[in-house]
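> What follows is protein.pdb, PDB, C-alpha atoms.
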MODEL        1
ATOM      1  CA  ALA A 262      -8.411   9.578   1.689
ATOM      2  CA  MET A 263      -9.710   6.600  -0.300
ATOM      3  CA  THR A 264      -6.617   4.605   0.674
ATOM      4  CA  GLU A 265      -7.306   5.307   4.346
ATOM      5  CA  LEU A 266     -10.912   4.199   3.919
ATOM      6  CA  MET A 267      -9.781   0.915   2.370
ATOM      7  CA  ASP A 268      -7.090   0.292   4.985
ATOM      8  CA  ARG A 269      -8.971   1.240   8.169
ATOM      9  CA  GLU A 270     -12.477   1.128   9.560
ATOM     10  CA  PHE A 271     -14.323   4.392  10.207
ATOM     11  CA  ASP A 272     -17.682   5.088  11.823
ATOM     12  CA  ALA A 273     -18.505   7.912   9.394
ATOM     13  CA  VAL A 274     -16.966  10.312   6.890
ATOM     14  CA  VAL A 275     -17.348  14.083   6.727
ATOM     15  CA  LEU A 276     -16.847  15.069   3.090
ATOM     16  CA  ASP A 277     -16.176  18.716   2.252
ATOM     17  CA  LEU A 278     -17.044  19.275  -1.404
ATOM     18  CA  GLY A 279     -14.947  22.452  -1.378
ATOM     19  CA  LEU A 280     -11.621  20.689  -0.852
ATOM     20  CA  PRO A 281      -9.255  20.740  -3.832
ATOM     21  CA  ASP A 282      -9.205  16.947  -4.280
ATOM     22  CA  ALA A 283     -12.997  16.591  -3.911
ATOM     23  CA  GLN A 284     -14.761  16.175  -7.221
ATOM     24  CA  GLY A 285     -18.019  17.840  -6.273
ATOM     25  CA  SER A 286     -21.072  15.672  -5.792
ATOM     26  CA  THR A 287     -19.322  12.900  -7.757
ATOM     27  CA  SER A 288     -17.271  12.248  -4.612
ATOM     28  CA  THR A 289     -20.461  11.437  -2.737
ATOM     29  CA  VAL A 290     -21.589   8.933  -5.364
ATOM     30  CA  VAL A 291     -18.165   7.239  -5.445
ATOM     31  CA  LEU A 292     -17.989   6.955  -1.650
ATOM     32  CA  ARG A 293     -21.496   5.544  -1.357
ATOM     33  CA  ARG A 294     -20.846   3.013  -4.116
ATOM     34  CA  LYS A 295     -17.528   1.795  -2.705
ATOM     35  CA  PHE A 296     -18.608   1.904   0.945
ATOM     36  CA  PRO A 297     -22.403   1.498   1.039
ATOM     37  CA  GLU A 298     -22.554   0.927   4.818
ATOM     38  CA  LEU A 299     -20.398   3.960   5.666
ATOM     39  CA  PRO A 300     -22.374   7.069   6.637
ATOM     40  CA  VAL A 301     -21.289  10.130   4.657
ATOM     41  CA  ILE A 302     -21.979  13.652   5.918
ATOM     42  CA  VAL A 303     -21.500  16.138   3.088
ATOM     43  CA  LEU A 304     -20.555  19.791   3.593
ATOM     44  CA  SER A 305     -20.843  22.365   0.838
ATOM     45  CA  GLY A 306     -20.399  26.103   0.668
ATOM     46  CA  HIS A 307     -23.254  26.301  -1.839
ATOM     47  CA  ASP A 308     -26.724  26.172  -0.319
ATOM     48  CA  GLU A 309     -28.346  25.311  -3.649
ATOM     49  CA  GLU A 310     -26.002  22.339  -4.099
ATOM     50  CA  VAL A 311     -26.979  21.028  -0.665
ATOM     51  CA  ALA A 312     -30.680  21.328  -1.527
ATOM     52  CA  ARG A 313     -30.154  19.538  -4.848
ATOM     53  CA  LEU A 314     -28.203  16.704  -3.217
ATOM     54  CA  ARG A 315     -30.824  16.282  -0.483
ATOM     55  CA  ASP A 316     -33.530  15.983  -3.134
ATOM     56  CA  GLN A 317     -31.463  13.679  -5.312
ATOM     57  CA  HIS A 318     -30.479  11.266  -2.529
ATOM     58  CA  LYS A 319     -33.676  11.567  -0.460
ATOM     59  CA  SER A 320     -31.670  11.501   2.740
ATOM     60  CA  GLY A 321     -30.059  13.659   5.366
ATOM     61  CA  GLY A 322     -26.383  14.178   5.905
ATOM     62  CA  PHE A 323     -26.088  17.205   3.638
ATOM     63  CA  LEU A 324     -25.121  20.487   5.301
ATOM     64  CA  ALA A 325     -24.534  23.967   3.967
ATOM     65  CA  LYS A 326     -21.438  25.479   5.564
ATOM     66  CA  SER A 327     -23.324  28.715   6.141
ATOM     67  CA  GLN A 328     -25.720  26.873   8.447
ATOM     68  CA  ALA A 329     -23.467  24.177   9.913
ATOM     69  CA  ASP A 330     -21.807  25.038  13.185
ATOM     70  CA  SER A 331     -19.798  22.473  15.164
ATOM     71  CA  SER A 332     -22.884  21.477  17.164
ATOM     72  CA  GLU A 333     -24.896  20.690  14.010
ATOM     73  CA  ILE A 334     -22.014  18.751  12.452
ATOM     74  CA  ARG A 335     -21.569  16.739  15.671
ATOM     75  CA  LYS A 336     -25.334  16.040  15.724
ATOM     76  CA  GLN A 337     -25.233  14.771  12.126
ATOM     77  CA  ILE A 338     -22.246  12.511  12.856
ATOM     78  CA  MET A 339     -23.852  11.065  15.988
ATOM     79  CA  SER A 340     -27.124  10.475  14.146
ATOM     80  CA  ALA A 341     -25.366   8.767  11.215
ATOM     81  CA  VAL A 342     -23.341   6.498  13.499
ATOM     82  CA  PHE A 343     -26.460   5.617  15.521
ATOM     83  CA  LEU A 344     -28.424   4.772  12.374
ATOM     84  CA  LYS A 345     -25.524   2.699  11.036
ATOM     85  CA  GLY A 346     -25.510   0.697  14.286
ATOM     86  CA  ALA A 347     -29.265   0.207  14.125
ATOM     87  CA  ARG A 348     -29.026  -1.122  10.551
ATOM     88  CA  THR A 349     -26.261  -3.599  11.359
ATOM     89  CA  ALA A 350     -27.736  -4.850  14.659
TER      90      ALA A 350
ENDMDL
END
Starting from the file, lay out its structure as structure tokens.


Amino acid sequence: AMTELMDREFDAVVLDLGLPDAQGSTSTVVLRRKFPELPVIVLSGHDEEVARLRDQHKSGGFLAKSQADSSEIRKQIMSAVFLKGARTA
């Protein structure tokens, strides 16, 4: 996925911390360091991890899978892309 991010432009990334190649919350830190302007929406199957990440990063874009239906995920993506556009305008 990192190769794709370096080779192409994306409006946002949805990062599932439960995927085998994800390295937990470290993946979030790495993505935000390498691509500071790229909105990252993080999904986790652990509610307590989502709460901890929200507190740690003082921002939105963190969703617990138990509470994130397709409508909520779409809302988060649209919000992140809108905010990205507002920052770069």

> List the spatial neighbours of Leu304 in chain A as an mmCIF file with C-alpha atoms, in the coordinates of the input - criterion: any atom at most 9 Å away, only C-alpha atoms, same-chain residues fewer than 6 positions off excluded.


data_model
loop_
_atom_site.group_PDB
_atom_site.id
_atom_site.type_symbol
_atom_site.label_atom_id
_atom_site.label_comp_id
_atom_site.auth_asym_id
_atom_site.auth_seq_id
_atom_site.Cartn_x
_atom_site.Cartn_y
_atom_site.Cartn_z
ATOM 1 C CA VAL A 275 -17.348 14.083 6.727
ATOM 2 C CA LEU A 276 -16.847 15.069 3.090
ATOM 3 C CA ASP A 277 -16.176 18.716 2.252
ATOM 4 C CA LEU A 278 -17.044 19.275 -1.404
ATOM 5 C CA GLY A 279 -14.947 22.452 -1.378
ATOM 6 C CA VAL A 311 -26.979 21.028 -0.665
ATOM 7 C CA GLY A 322 -26.383 14.178 5.905
ATOM 8 C CA PHE A 323 -26.088 17.205 3.638
ATOM 9 C CA LEU A 324 -25.121 20.487 5.301
ATOM 10 C CA ALA A 325 -24.534 23.967 3.967
ATOM 11 C CA LYS A 326 -21.438 25.479 5.564
ATOM 12 C CA ALA A 329 -23.467 24.177 9.913
#

> Which residue gives the smallest distance to Leu314 in chain A among A:Leu299, A:Met263, A:Ala341, A:Val290, with only C-alpha atoms counted?

A:Val290

> Could you tell me which of A:Gln317, A:Pro281, A:Val274, A:Ser327 comes closest to Val303 in chain A if we count all atoms listed in the file?

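That would be A:Val274, the residue with the smallest distance to Val303 in chain A.
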
> Name the closest residue to Asp282 in chain A among the candidates A:Ala262, A:Ser331, A:Ser305, A:Glu310; distances are taken between atoms, counting only C-alpha atoms.

A:Ala262

> Taking all atoms listed in the file into account, name the residue in A:Glu298, A:Arg315, A:Thr287, A:His307 that is nearest to Glu270 in chain A.

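Result for the nearest residue to Glu270 in chain A: A:Glu298.
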
> Provide the CA of Met267 in chain A to CA of Asp330 in chain A distance in Å, to one decimal place.

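One can read the CA of Met267 in chain A to CA of Asp330 in chain A distance as 29.0 Å.
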
> If you measure from CA of Phe296 in chain A to CA of Gly346 in chain A, what distance in Å do you get, rounded to one decimal?

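Straight-line distance from CA of Phe296 in chain A to CA of Gly346 in chain A works out to 15.1 Å.
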
> Take CA of Phe343 in chain A and CA of Lys295 in chain A and report the distance between them in Å, one decimal.

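So the answer is 20.7 Å.
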
> Between A:Leu280, A:Ile302, A:Asp316, A:Arg294, single out the one closest to Glu333 in chain A, counting only C-alpha atoms.

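Nearest candidate to Glu333 in chain A out of A:Leu280, A:Ile302, A:Asp316, A:Arg294: A:Ile302.
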
> So which one's closest to Ala273 in chain A, A:Leu344, A:Leu292, A:Val301, A:Gln337? Using all atoms listed in the file, please.

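Comparing A:Leu344, A:Leu292, A:Val301, A:Gln337 against Ala273 in chain A, the winner is A:Val301.
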
> Can you sort out range 303-314 of chain A so it carries all heavy atoms, written as a PDB file, in the frame of the given file?


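What follows is the written file rebuild.pdb:
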ATOM      1  N   VAL A 303     -22.050  15.284   4.144  1.00  0.00           N
ATOM      2  CA  VAL A 303     -21.500  16.138   3.088  1.00  0.00           C
ATOM      3  C   VAL A 303     -21.659  17.610   3.461  1.00  0.00           C
ATOM      4  O   VAL A 303     -22.746  18.051   3.815  1.00  0.00           O
ATOM      5  CB  VAL A 303     -22.215  15.861   1.744  1.00  0.00           C
ATOM      6  CG1 VAL A 303     -21.674  16.756   0.651  1.00  0.00           C
ATOM      7  CG2 VAL A 303     -22.071  14.401   1.360  1.00  0.00           C
ATOM      8  N   LEU A 304     -20.555  18.349   3.375  1.00  0.00           N
ATOM      9  CA  LEU A 304     -20.555  19.791   3.593  1.00  0.00           C
ATOM     10  C   LEU A 304     -20.310  20.496   2.265  1.00  0.00           C
ATOM     11  O   LEU A 304     -19.473  20.074   1.477  1.00  0.00           O
ATOM     12  CB  LEU A 304     -19.422  20.198   4.543  1.00  0.00           C
ATOM     13  CG  LEU A 304     -19.509  19.747   5.984  1.00  0.00           C
ATOM     14  CD1 LEU A 304     -18.228  20.119   6.716  1.00  0.00           C
ATOM     15  CD2 LEU A 304     -20.691  20.369   6.662  1.00  0.00           C
ATOM     16  N   SER A 305     -21.052  21.575   2.047  1.00  0.00           N
ATOM     17  CA  SER A 305     -20.843  22.365   0.838  1.00  0.00           C
ATOM     18  C   SER A 305     -21.033  23.837   1.166  1.00  0.00           C
ATOM     19  O   SER A 305     -21.865  24.193   1.998  1.00  0.00           O
ATOM     20  CB  SER A 305     -21.833  21.955  -0.256  1.00  0.00           C
ATOM     21  OG  SER A 305     -21.711  22.817  -1.372  1.00  0.00           O
ATOM     22  N   GLY A 306     -20.268  24.664   0.511  1.00  0.00           N
ATOM     23  CA  GLY A 306     -20.399  26.103   0.668  1.00  0.00           C
ATOM     24  C   GLY A 306     -21.517  26.684  -0.181  1.00  0.00           C
ATOM     25  O   GLY A 306     -21.780  27.876  -0.139  1.00  0.00           O
ATOM     26  N   HIS A 307     -22.191  25.848  -0.933  1.00  0.00           N
ATOM     27  CA  HIS A 307     -23.254  26.301  -1.839  1.00  0.00           C
ATOM     28  C   HIS A 307     -24.593  25.745  -1.379  1.00  0.00           C
ATOM     29  O   HIS A 307     -24.864  24.545  -1.518  1.00  0.00           O
ATOM     30  CB  HIS A 307     -22.956  25.856  -3.270  1.00  0.00           C
ATOM     31  CG  HIS A 307     -21.620  26.315  -3.764  1.00  0.00           C
ATOM     32  ND1 HIS A 307     -21.390  27.611  -4.159  1.00  0.00           N
ATOM     33  CD2 HIS A 307     -20.442  25.665  -3.901  1.00  0.00           C
ATOM     34  CE1 HIS A 307     -20.114  27.739  -4.520  1.00  0.00           C
ATOM     35  NE2 HIS A 307     -19.522  26.577  -4.371  1.00  0.00           N
ATOM     36  N   ASP A 308     -25.421  26.601  -0.840  1.00  0.00           N
ATOM     37  CA  ASP A 308     -26.724  26.172  -0.319  1.00  0.00           C
ATOM     38  C   ASP A 308     -27.561  25.441  -1.365  1.00  0.00           C
ATOM     39  O   ASP A 308     -28.216  24.442  -1.056  1.00  0.00           O
ATOM     40  CB  ASP A 308     -27.517  27.369   0.208  1.00  0.00           C
ATOM     41  CG  ASP A 308     -26.895  27.983   1.454  1.00  0.00           C
ATOM     42  OD1 ASP A 308     -25.823  27.513   1.894  1.00  0.00           O
ATOM     43  OD2 ASP A 308     -27.471  28.940   1.981  1.00  0.00           O
ATOM     44  N   GLU A 309     -27.535  25.935  -2.608  1.00  0.00           N
ATOM     45  CA  GLU A 309     -28.346  25.311  -3.649  1.00  0.00           C
ATOM     46  C   GLU A 309     -27.851  23.907  -3.981  1.00  0.00           C
ATOM     47  O   GLU A 309     -28.634  23.019  -4.328  1.00  0.00           O
ATOM     48  CB  GLU A 309     -28.412  26.182  -4.911  1.00  0.00           C
ATOM     49  CG  GLU A 309     -27.102  26.431  -5.611  1.00  0.00           C
ATOM     50  CD  GLU A 309     -26.218  27.520  -4.991  1.00  0.00           C
ATOM     51  OE1 GLU A 309     -26.667  28.234  -4.082  1.00  0.00           O
ATOM     52  OE2 GLU A 309     -25.064  27.632  -5.418  1.00  0.00           O
ATOM     53  N   GLU A 310     -26.546  23.672  -3.861  1.00  0.00           N
ATOM     54  CA  GLU A 310     -26.002  22.339  -4.099  1.00  0.00           C
ATOM     55  C   GLU A 310     -26.480  21.383  -3.014  1.00  0.00           C
ATOM     56  O   GLU A 310     -26.843  20.239  -3.292  1.00  0.00           O
ATOM     57  CB  GLU A 310     -24.474  22.378  -4.137  1.00  0.00           C
ATOM     58  CG  GLU A 310     -23.841  21.034  -4.440  1.00  0.00           C
ATOM     59  CD  GLU A 310     -22.337  21.110  -4.602  1.00  0.00           C
ATOM     60  OE1 GLU A 310     -21.692  21.974  -3.967  1.00  0.00           O
ATOM     61  OE2 GLU A 310     -21.796  20.300  -5.362  1.00  0.00           O
ATOM     62  N   VAL A 311     -26.497  21.850  -1.776  1.00  0.00           N
ATOM     63  CA  VAL A 311     -26.979  21.028  -0.665  1.00  0.00           C
ATOM     64  C   VAL A 311     -28.439  20.648  -0.889  1.00  0.00           C
ATOM     65  O   VAL A 311     -28.826  19.491  -0.738  1.00  0.00           O
ATOM     66  CB  VAL A 311     -26.795  21.757   0.688  1.00  0.00           C
ATOM     67  CG1 VAL A 311     -27.516  21.029   1.806  1.00  0.00           C
ATOM     68  CG2 VAL A 311     -25.322  21.902   1.012  1.00  0.00           C
ATOM     69  N   ALA A 312     -29.264  21.599  -1.273  1.00  0.00           N
ATOM     70  CA  ALA A 312     -30.680  21.328  -1.527  1.00  0.00           C
ATOM     71  C   ALA A 312     -30.845  20.311  -2.652  1.00  0.00           C
ATOM     72  O   ALA A 312     -31.662  19.380  -2.560  1.00  0.00           O
ATOM     73  CB  ALA A 312     -31.407  22.623  -1.864  1.00  0.00           C
ATOM     74  N   ARG A 313     -30.073  20.467  -3.711  1.00  0.00           N
ATOM     75  CA  ARG A 313     -30.154  19.538  -4.848  1.00  0.00           C
ATOM     76  C   ARG A 313     -29.747  18.131  -4.425  1.00  0.00           C
ATOM     77  O   ARG A 313     -30.413  17.144  -4.762  1.00  0.00           O
ATOM     78  CB  ARG A 313     -29.259  20.023  -5.990  1.00  0.00           C
ATOM     79  CG  ARG A 313     -29.329  19.152  -7.236  1.00  0.00           C
ATOM     80  CD  ARG A 313     -28.402  19.659  -8.320  1.00  0.00           C
ATOM     81  NE  ARG A 313     -27.012  19.749  -7.919  1.00  0.00           N
ATOM     82  CZ  ARG A 313     -26.182  18.705  -7.814  1.00  0.00           C
ATOM     83  NH1 ARG A 313     -26.609  17.482  -8.078  1.00  0.00           N
ATOM     84  NH2 ARG A 313     -24.927  18.876  -7.457  1.00  0.00           N
ATOM     85  N   LEU A 314     -28.664  18.015  -3.660  1.00  0.00           N
ATOM     86  CA  LEU A 314     -28.203  16.704  -3.217  1.00  0.00           C
ATOM     87  C   LEU A 314     -29.205  16.044  -2.277  1.00  0.00           C
ATOM     88  O   LEU A 314     -29.434  14.836  -2.357  1.00  0.00           O
ATOM     89  CB  LEU A 314     -26.830  16.824  -2.538  1.00  0.00           C
ATOM     90  CG  LEU A 314     -25.668  17.122  -3.475  1.00  0.00           C
ATOM     91  CD1 LEU A 314     -24.420  17.495  -2.685  1.00  0.00           C
ATOM     92  CD2 LEU A 314     -25.398  15.943  -4.386  1.00  0.00           C
TER      93      LEU A 314
END
